[in-house]
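Undergrad: Before I ask anything, here is the structure I am working with.
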2 protein chains.
Amino acid sequence: MGDLNIDKAKEKAISAFLKSQKGVLSANEIVEGIFAGSTKVLGQAITLLESTNPQHIEIATDVVNKCLPKSGKSIRIGITGVPGVGKSTFIESFGSYLTDQGIKTAVLAIDPSSNVNKGSILGDKTRMENLSKNPLAFIRPSPSSGALGGVANATRESILLCESAGFEVIIVETVGVGQSEYLVKEMVDFFLLLMLSGAGDEIQGIKRGIMEMADALFVNKADGTNELFSQKAAQSYKNVLHLFTAREDNWIPETGTCSAIYNTGIKNVWDIILKFKAQQTTNGWLAKRRKNQSETWLLEQVNSELKNLFLQNNEVQKNMTEITEQVVSGKITPYAGSKILMDFFTRNLK
Amino acid sequence: MGDLNIDKAKEKAISAFLKSQKGVLSANEIVEGIFAGSTKVLGQAITLLESTNPQHIEIATDVVNKCLPKSGKSIRIGITGVPGVGKSTFIESFGSYLTDQGIKTAVLAIDPSSNVNKGSILGDKTRMENLSKNPLAFIRPSPSSGALGGVANATRESILLCESAGFEVIIVETVGVGQSEYLVKEMVDFFLLLMLSGAGDEIQGIKRGIMEMADALFVNKADGTNELFSQKAAQSYKNVLHLFTAREDNWIPETGTCSAIYNTGIKNVWDIILKFKAQQTTNGWLAKRRKNQSETWLLEQVNSELKNLFLQNNEVQKNMTEITEQVVSGKITPYAGSKILMDFFTRNLK
């Protein structure tokens with residue numbers, strides 16, 4: 001299957017990629033392939049980002065740094081909702097709507113449950129059959145292993161690579177059950193929450209905090225006998241959202257209904273996103289949000305590396321279980337336990 | 001004036017305390033005073049916990065460790081609500097209700113805003129005029145300086161000291177506006193949210209996450225013409241709480257109305273707390289929650305000390321601003337920025 005820009009550079013990149021069945025491409029070859037819009041090279045680069053092999057990580061870091069100047073031009077959209085809400089079908093419909101207009105669309109995923117059941121979201125490409133065959137689309141399943149923080153980091157850098165490959169819309173899908181929503185919120189411009197109508201229990205199963213993060217809330221499967229219920233549900237969500245305190249960025253979250261199967265309401269979602277983009281570009285919040293996200297990401301990355309350094313410390317490893325046990329059983333305070341562990345840590349470093 | 005157990009030990013402790021106007025009491029003297037139930041010594045010990053003087057911290061740590069075996073026997077109650085909800089009046093009424101039954105009650109406070117406006121909650125003891133004069137009560141204002149994490153830590157250890165001094169109910173008050181609720185939730189057994197009735201906008205101003213943490217939600221100022229509105233508000237809160245997913249500890253949050261000024265509904269709050277304590281003792285969650293809290297506290301304390309170690313590192317300090325600027329302006333990724341800073345950190349340690 002081919003990409004949009006079938007040019008010399010791309011063919012060169014693909015042949016380099018084929019050569020690489022025996023080895024890994026060089027950073028420059030990968031960057032060249034990405035800039036040429038090759039989804040095959042893009043896919044390989046993302047594999048490197050997800051790798052734990054130090055050689056791969058080194059190349060991946062180099063690739064991301066080289067792609068950075070060409071990144072940032074897409075609109076980044078997070079999509080969440082409980083299992084069964086129809087996220088895949090929605091993305092299939094929404095993505096097709098975009099590609100029909102010639103908009104290059106990439107779909108990434110973060111699935112905290114994929115470690116457990118190996119049934120990663122998007123893992124089965126047949127769930128987005130049409131979109132996965134579309135030359136303007138790129139679909140990347142959630143990595144099926146790795147710590148959530150690491151997976152999130154790979155996804156974030158994948159966004160940059162997709163942008164460098166010319167994708168104009170990046171969708172990051174996640175399951176509305178864990179803490180992954182907070183990570184996705186921190187890497188996208190716009191956050192869409194999909195919901196279902198239900199007999200009065202609309203809010204059940206979704207954390208209030210996630211509703212508060214939403215820039216738009218759409219009730220999916222608004223078709224047939226469900227249409228009226230869905231409209232009523234959307235109205236009650238609208239009432240709930242209005243109770244939330246006003247946002248600093250002046251955006252008032254929108255609600256609506258859609259049916260991914262019947263392709264209704266899809267244009268409405270896109271119009272809202274365009275309205276959001278225009279408003280937030282004008283008032284400066286699109287840029288400001290991204291800057292804040294980068295700073296948060298830096299601090300969280302430092303935090304996570306500090307924790308790793310601590311937990312991999314020999315002396316800490318030897319004593320962690322016992323100290324924790326003493327704290328939990330009330331023999332020493334958490335404060336005292338922490339002092340002891342920090343003492344082991346710093347002593348071991350010197 | 002005076003405490004309950006007027007015995008030799010207490011008098012000895014008080015005289016030691018008086019002597020200490022020139023210097024600080026020894027750890028053993030303080031512990032003796034606390035065990036004797038002296039609120040003056042208890043107050044001084046808490047001052048040591050809040051101190052940044054290394055000598056004070058050393059004594060305070062020693063005191064807490066010595067008090068630990070006698071701690072843990074109270075019921076710990078967190079109380080929050082937006083400014084104006086009547087928290088002080090409620091605590092005055094609730095505390096008096098408890099002390100009237102001979103129950104020794106301590107009131108602590110965490111106020112994230114006290115750094116800013118110096119108008120610390122509980123800072124003005126006249127706000128709880130009767131309770132502050134009651135020999136069975138101990139009221140401690142929120143420290144007016146220090147990082148929120150440090151203040152929270154001092155408060156948590158203060159709970160242990162109050163318990164060792166024989167207090168059977170510990171109330172931790174906080175303002176329903178910031179992240180302090182999450183810290184308080186992590187140090188109490190029972191979390192009470194006070195609300196006001198309003199014209200349909202009951203939820204406004206309070207984060208949904210805080211409603212989710214509540215074990216009971218009471219609408220205060222349910223008196224006069226406001227009584228009926230308050231009952232209706234309590235009913236609508238009840239409906240909202242029922243939408244939340246079932247809790248692991250099997251507790252179903254209760255709602256009700258009260259008027260702290262007219263002392264109505266106060267007994268109801270206490271009855272709910274007793275019911276909670278009985279149920280959660282039987283099903284093991286009271287102990288389990290405290291163990292989980294201790295473990296969380298240990299990890300957060302370690303985390304905060306790791307951050308301090310990092311931020312106080314000379315090389316990190318020299319480069320932090322520039323690296324952050326490069327990340328925020330998109331010149332390097334957060335991942336790359338973090339690697340550079342971690343490299344400065346570890347190089348400087350060796």
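Ligands are numbered from 1 in the order shown, chains are lettered A, B, ... in the order of the structure tokens, and residues start at 1 in each chain.
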Taking only C-alpha atoms into account, report as a PyMOL selection string which residues of chain A lie within 8 Å of chain B.
TA: chain A and resi 61+64-65+68-69+153+201+203-205+208-209+243-245+291-292+294-295+297-299+301-303+305-307+324+327-339+341-342+349-350
Undergrad: DSSP on the backbone: what in range 16-171 of chain A comes out strand (DSSP E), as an NGL selection string?
TA: :A and (75-80 or 105-110 or 137-139 or 169-171)
Undergrad: May I have the residues from that selection written out with N, CA and C atoms, as a compact mmCIF listing (two decimals), in the first residue's frame?
TA:
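What follows is the written file again_22.txt:
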```
# COMPACT_ATOMS: atom_id res chain seq x y z
N ILE A 75 -3.44 19.10 14.60
CA ILE A 75 -4.31 19.25 15.75
C ILE A 75 -4.35 17.87 16.42
N ARG A 76 -4.07 17.85 17.73
CA ARG A 76 -3.95 16.59 18.48
C ARG A 76 -5.24 16.36 19.26
N ILE A 77 -5.88 15.25 18.98
CA ILE A 77 -7.20 14.97 19.56
C ILE A 77 -7.16 13.70 20.41
N GLY A 78 -7.52 13.81 21.65
CA GLY A 78 -7.65 12.64 22.51
C GLY A 78 -9.09 12.15 22.50
N ILE A 79 -9.27 10.85 22.42
CA ILE A 79 -10.63 10.29 22.44
C ILE A 79 -10.70 9.19 23.50
N THR A 80 -11.69 9.32 24.39
CA THR A 80 -11.84 8.28 25.40
C THR A 80 -13.31 7.92 25.59
N THR A 105 -4.53 11.59 8.47
CA THR A 105 -4.94 11.31 9.85
C THR A 105 -4.18 10.13 10.44
N ALA A 106 -3.57 10.35 11.59
CA ALA A 106 -2.87 9.25 12.28
C ALA A 106 -3.64 8.89 13.55
N VAL A 107 -3.70 7.60 13.84
CA VAL A 107 -4.39 7.13 15.04
C VAL A 107 -3.41 6.36 15.92
N LEU A 108 -3.20 6.86 17.13
CA LEU A 108 -2.33 6.18 18.09
C LEU A 108 -3.20 5.72 19.26
N ALA A 109 -2.66 4.88 20.11
CA ALA A 109 -3.48 4.39 21.22
C ALA A 109 -2.64 4.17 22.47
N ILE A 110 -3.27 4.42 23.61
CA ILE A 110 -2.67 4.08 24.91
C ILE A 110 -3.67 3.22 25.64
N ALA A 137 -4.32 7.45 5.90
CA ALA A 137 -4.40 7.16 7.34
C ALA A 137 -3.23 6.30 7.81
N PHE A 138 -2.89 6.48 9.06
CA PHE A 138 -1.86 5.66 9.69
C PHE A 138 -2.41 5.21 11.03
N ILE A 139 -2.47 3.90 11.23
CA ILE A 139 -3.03 3.38 12.49
C ILE A 139 -1.96 2.60 13.22
N VAL A 169 -3.94 15.55 11.40
CA VAL A 169 -4.76 15.25 12.58
C VAL A 169 -4.17 14.02 13.25
N ILE A 170 -3.91 14.15 14.56
CA ILE A 170 -3.42 12.99 15.31
C ILE A 170 -4.48 12.65 16.34
N ILE A 171 -4.98 11.42 16.27
CA ILE A 171 -5.96 10.97 17.25
C ILE A 171 -5.26 10.04 18.23
```
Undergrad: If you run DSSP on the backbone, which residues of range 58-282 of chain B are helix (DSSP H, G or I), as a PyMOL selection string?
TA: chain B and resi 58-70+87-100+114-117+125-133+148-164+180-185+208-213+226-243+266-282
Undergrad: Can you tell me which residues surround Leu48 in chain B at a distance of at most 12 Å, considering only C-alpha atoms, apart from same-chain residues fewer than 6 positions away, and format the answer as a ChimeraX atom specification?
TA: /B:24-27,30,41-42,54-64,143,154-155,157-158,161
Undergrad: Write the residues of the preceding selection, restricted to N, CA, C and O atoms, as a short mmCIF file (atom, residue, chain, number, x, y, z; two decimals), in the first residue's frame.
TA:
```cif
data_model
loop_
_atom_site.label_atom_id
_atom_site.label_comp_id
_atom_site.auth_asym_id
_atom_site.auth_seq_id
_atom_site.Cartn_x
_atom_site.Cartn_y
_atom_site.Cartn_z
N VAL B 24 14.60 24.53 74.83
CA VAL B 24 13.65 23.53 74.35
C VAL B 24 13.67 22.34 75.30
O VAL B 24 14.71 21.97 75.82
N LEU B 25 12.50 21.76 75.54
CA LEU B 25 12.39 20.57 76.37
C LEU B 25 13.13 19.40 75.73
O LEU B 25 13.26 19.36 74.51
N SER B 26 13.56 18.44 76.52
CA SER B 26 14.14 17.24 75.94
C SER B 26 13.01 16.36 75.41
O SER B 26 11.86 16.51 75.82
N ALA B 27 13.35 15.44 74.53
CA ALA B 27 12.34 14.56 73.95
C ALA B 27 11.60 13.80 75.05
O ALA B 27 10.36 13.71 75.03
N ILE B 30 9.11 15.95 76.87
CA ILE B 30 7.93 16.23 76.04
C ILE B 30 7.00 15.03 76.00
O ILE B 30 5.79 15.15 76.19
N VAL B 41 2.25 21.11 76.53
CA VAL B 41 3.40 20.38 76.01
C VAL B 41 3.08 19.87 74.60
O VAL B 41 3.92 19.93 73.69
N LEU B 42 1.85 19.39 74.44
CA LEU B 42 1.42 18.93 73.11
C LEU B 42 1.59 20.04 72.08
O LEU B 42 2.13 19.83 70.99
N PRO B 54 17.09 22.29 62.46
CA PRO B 54 17.48 20.87 62.49
C PRO B 54 17.42 20.25 63.90
O PRO B 54 17.02 19.10 64.05
N GLN B 55 17.79 21.04 64.91
CA GLN B 55 17.77 20.54 66.28
C GLN B 55 16.32 20.22 66.69
O GLN B 55 16.04 19.19 67.30
N HIS B 56 15.41 21.10 66.33
CA HIS B 56 13.99 20.89 66.64
C HIS B 56 13.46 19.65 65.92
O HIS B 56 12.73 18.85 66.50
N ILE B 57 13.85 19.51 64.65
CA ILE B 57 13.37 18.37 63.86
C ILE B 57 13.84 17.07 64.49
O ILE B 57 13.08 16.10 64.59
N GLU B 58 15.09 17.08 64.96
CA GLU B 58 15.64 15.87 65.58
C GLU B 58 14.83 15.49 66.82
O GLU B 58 14.42 14.33 66.99
N ILE B 59 14.57 16.47 67.67
CA ILE B 59 13.78 16.20 68.87
C ILE B 59 12.37 15.75 68.49
O ILE B 59 11.84 14.77 69.02
N ALA B 60 11.77 16.45 67.51
CA ALA B 60 10.40 16.13 67.11
C ALA B 60 10.29 14.70 66.59
O ALA B 60 9.35 13.97 66.94
N THR B 61 11.27 14.29 65.78
CA THR B 61 11.25 12.93 65.24
C THR B 61 11.34 11.91 66.37
O THR B 61 10.62 10.90 66.39
N ASP B 62 12.19 12.20 67.33
CA ASP B 62 12.35 11.34 68.50
C ASP B 62 11.03 11.25 69.28
O ASP B 62 10.59 10.16 69.67
N VAL B 63 10.39 12.40 69.47
CA VAL B 63 9.13 12.45 70.21
C VAL B 63 8.06 11.61 69.51
O VAL B 63 7.39 10.78 70.13
N VAL B 64 7.94 11.81 68.20
CA VAL B 64 6.90 11.07 67.46
C VAL B 64 7.15 9.57 67.56
O VAL B 64 6.23 8.79 67.81
N PRO B 143 -0.43 25.96 60.40
CA PRO B 143 0.81 26.73 60.35
C PRO B 143 0.70 27.78 59.24
O PRO B 143 0.13 27.50 58.19
N ALA B 154 3.53 17.58 58.93
CA ALA B 154 3.47 17.99 60.33
C ALA B 154 2.09 17.67 60.90
O ALA B 154 1.96 17.20 62.03
N THR B 155 1.04 17.91 60.12
CA THR B 155 -0.32 17.63 60.59
C THR B 155 -0.50 16.14 60.85
O THR B 155 -1.08 15.74 61.85
N GLU B 157 1.74 13.93 61.64
CA GLU B 157 2.43 13.51 62.85
C GLU B 157 1.77 14.12 64.08
O GLU B 157 1.78 13.53 65.16
N SER B 158 1.14 15.30 63.89
CA SER B 158 0.40 15.91 65.00
C SER B 158 -0.77 15.02 65.44
O SER B 158 -1.10 14.95 66.63
N LEU B 161 0.54 12.53 67.82
CA LEU B 161 0.82 13.12 69.13
C LEU B 161 -0.48 13.35 69.91
O LEU B 161 -0.55 13.06 71.11
#
```
Undergrad: Quick one: residues within 7 Å of range 213-220 of chain A, only C-alpha atoms, excluding same-chain residues fewer than 6 positions away - as number ranges by chain?
TA: A: 85, 190-197, 230, 234, 253-260
